[in-house]
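Data first, discussion second: the structure below is written as structure tokens.
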Amino acid sequence: MSTIQTPAATIEVTAKDLQGPGVVACPNPKMALWSNHPRVFIDLAHGGVGQCPYCGTAYKLKAGEIISGGH
């Protein structure tokens, strides 16, 4: 049994949208309050893509964006 869901939506993010070195938070500020779930941090530093385990939203680093601030 796979834990990967079909993405509910795919959100393209820029380096400015990251919450830390290579991570983005879900739910994001543009999501409706009624659909909130516990905040999770999704790693985009390894491959540039990630998916929320709660709502299935996929996050993708925009082409050409560079992640900085890592170790």
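Each chain of the structure tokens is named A, B, ... in the order shown, its residues numbered from 1; ligands are numbered from 1 in display order.
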Inset, instruction - Identify, on the basis of only C-alpha atoms, every residue whose closest approach to range 28-42 of chain A does not exceed 10 Å; exclude the query and any residue fewer than 5 positions from it along the same chain; express the result as number ranges by chain. - result: A: 11, 17-20, 22-23, 49-55, 57-59
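As for CA of Thr10 in chain A and CA of Ile66 in chain A, they are spaced 19.1 Å apart.
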Legend entry - Filtered DSSP result for chain A, state helix (DSSP H, G or I), as a ChimeraX atom specification: /A:15-17,33-35
Would you export the selected residues with C-alpha atoms as a PDB file, in the first residue's frame, please?
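Saved file out-v5.pdb follows:
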```pdb
ATOM      1  CA  ALA A  15      12.959  30.420  -2.847  1.00  0.00           C
ATOM      2  CA  LYS A  16      11.272  33.352  -1.033  1.00  0.00           C
ATOM      3  CA  ASP A  17       8.292  31.107  -0.151  1.00  0.00           C
ATOM      4  CA  LEU A  33      -9.478  28.142   6.952  1.00  0.00           C
ATOM      5  CA  TRP A  34     -12.072  25.371   6.839  1.00  0.00           C
ATOM      6  CA  SER A  35      -9.597  23.032   5.188  1.00  0.00           C
TER       7      SER A  35
END
```
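The two atoms in question, CA of Val24 in chain A and CA of Leu61 in chain A, are spaced 9.7 Å apart.
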Legend entry - Of the listed residues A:Ala25, A:Ala8, A:Ile67, A:Val13, that which approaches His46 in chain A most closely, counting only C-alpha atoms: A:Ile67
Inset, instruction - Would you list, as a PyMOL selection string, the residues of range 15-54 of chain A that end up in strand (DSSP E or B) under DSSP run on this structure's backbone? - result: chain A and resi 20+23-26+40-43+49-51
Limited to C-alpha atoms, could you put the picked residues into a file as an mmCIF file, in the first residue's frame?
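Final output, selection_32.cif:
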```
data_model
loop_
_atom_site.group_PDB
_atom_site.id
_atom_site.type_symbol
_atom_site.label_atom_id
_atom_site.label_comp_id
_atom_site.auth_asym_id
_atom_site.auth_seq_id
_atom_site.Cartn_x
_atom_site.Cartn_y
_atom_site.Cartn_z
ATOM 1 C CA GLY A 20 13.626 27.343 6.188
ATOM 2 C CA VAL A 23 11.210 23.453 3.324
ATOM 3 C CA VAL A 24 7.726 24.803 2.756
ATOM 4 C CA ALA A 25 4.837 24.728 5.254
ATOM 5 C CA CYS A 26 1.413 23.260 4.560
ATOM 6 C CA VAL A 40 3.717 20.140 8.403
ATOM 7 C CA PHE A 41 6.991 21.052 6.781
ATOM 8 C CA ILE A 42 7.705 19.529 3.391
ATOM 9 C CA ASP A 43 11.294 19.097 2.208
ATOM 10 C CA VAL A 49 9.160 18.436 -5.104
ATOM 11 C CA GLY A 50 7.165 17.236 -2.121
ATOM 12 C CA GLN A 51 3.620 16.343 -1.125
#
```
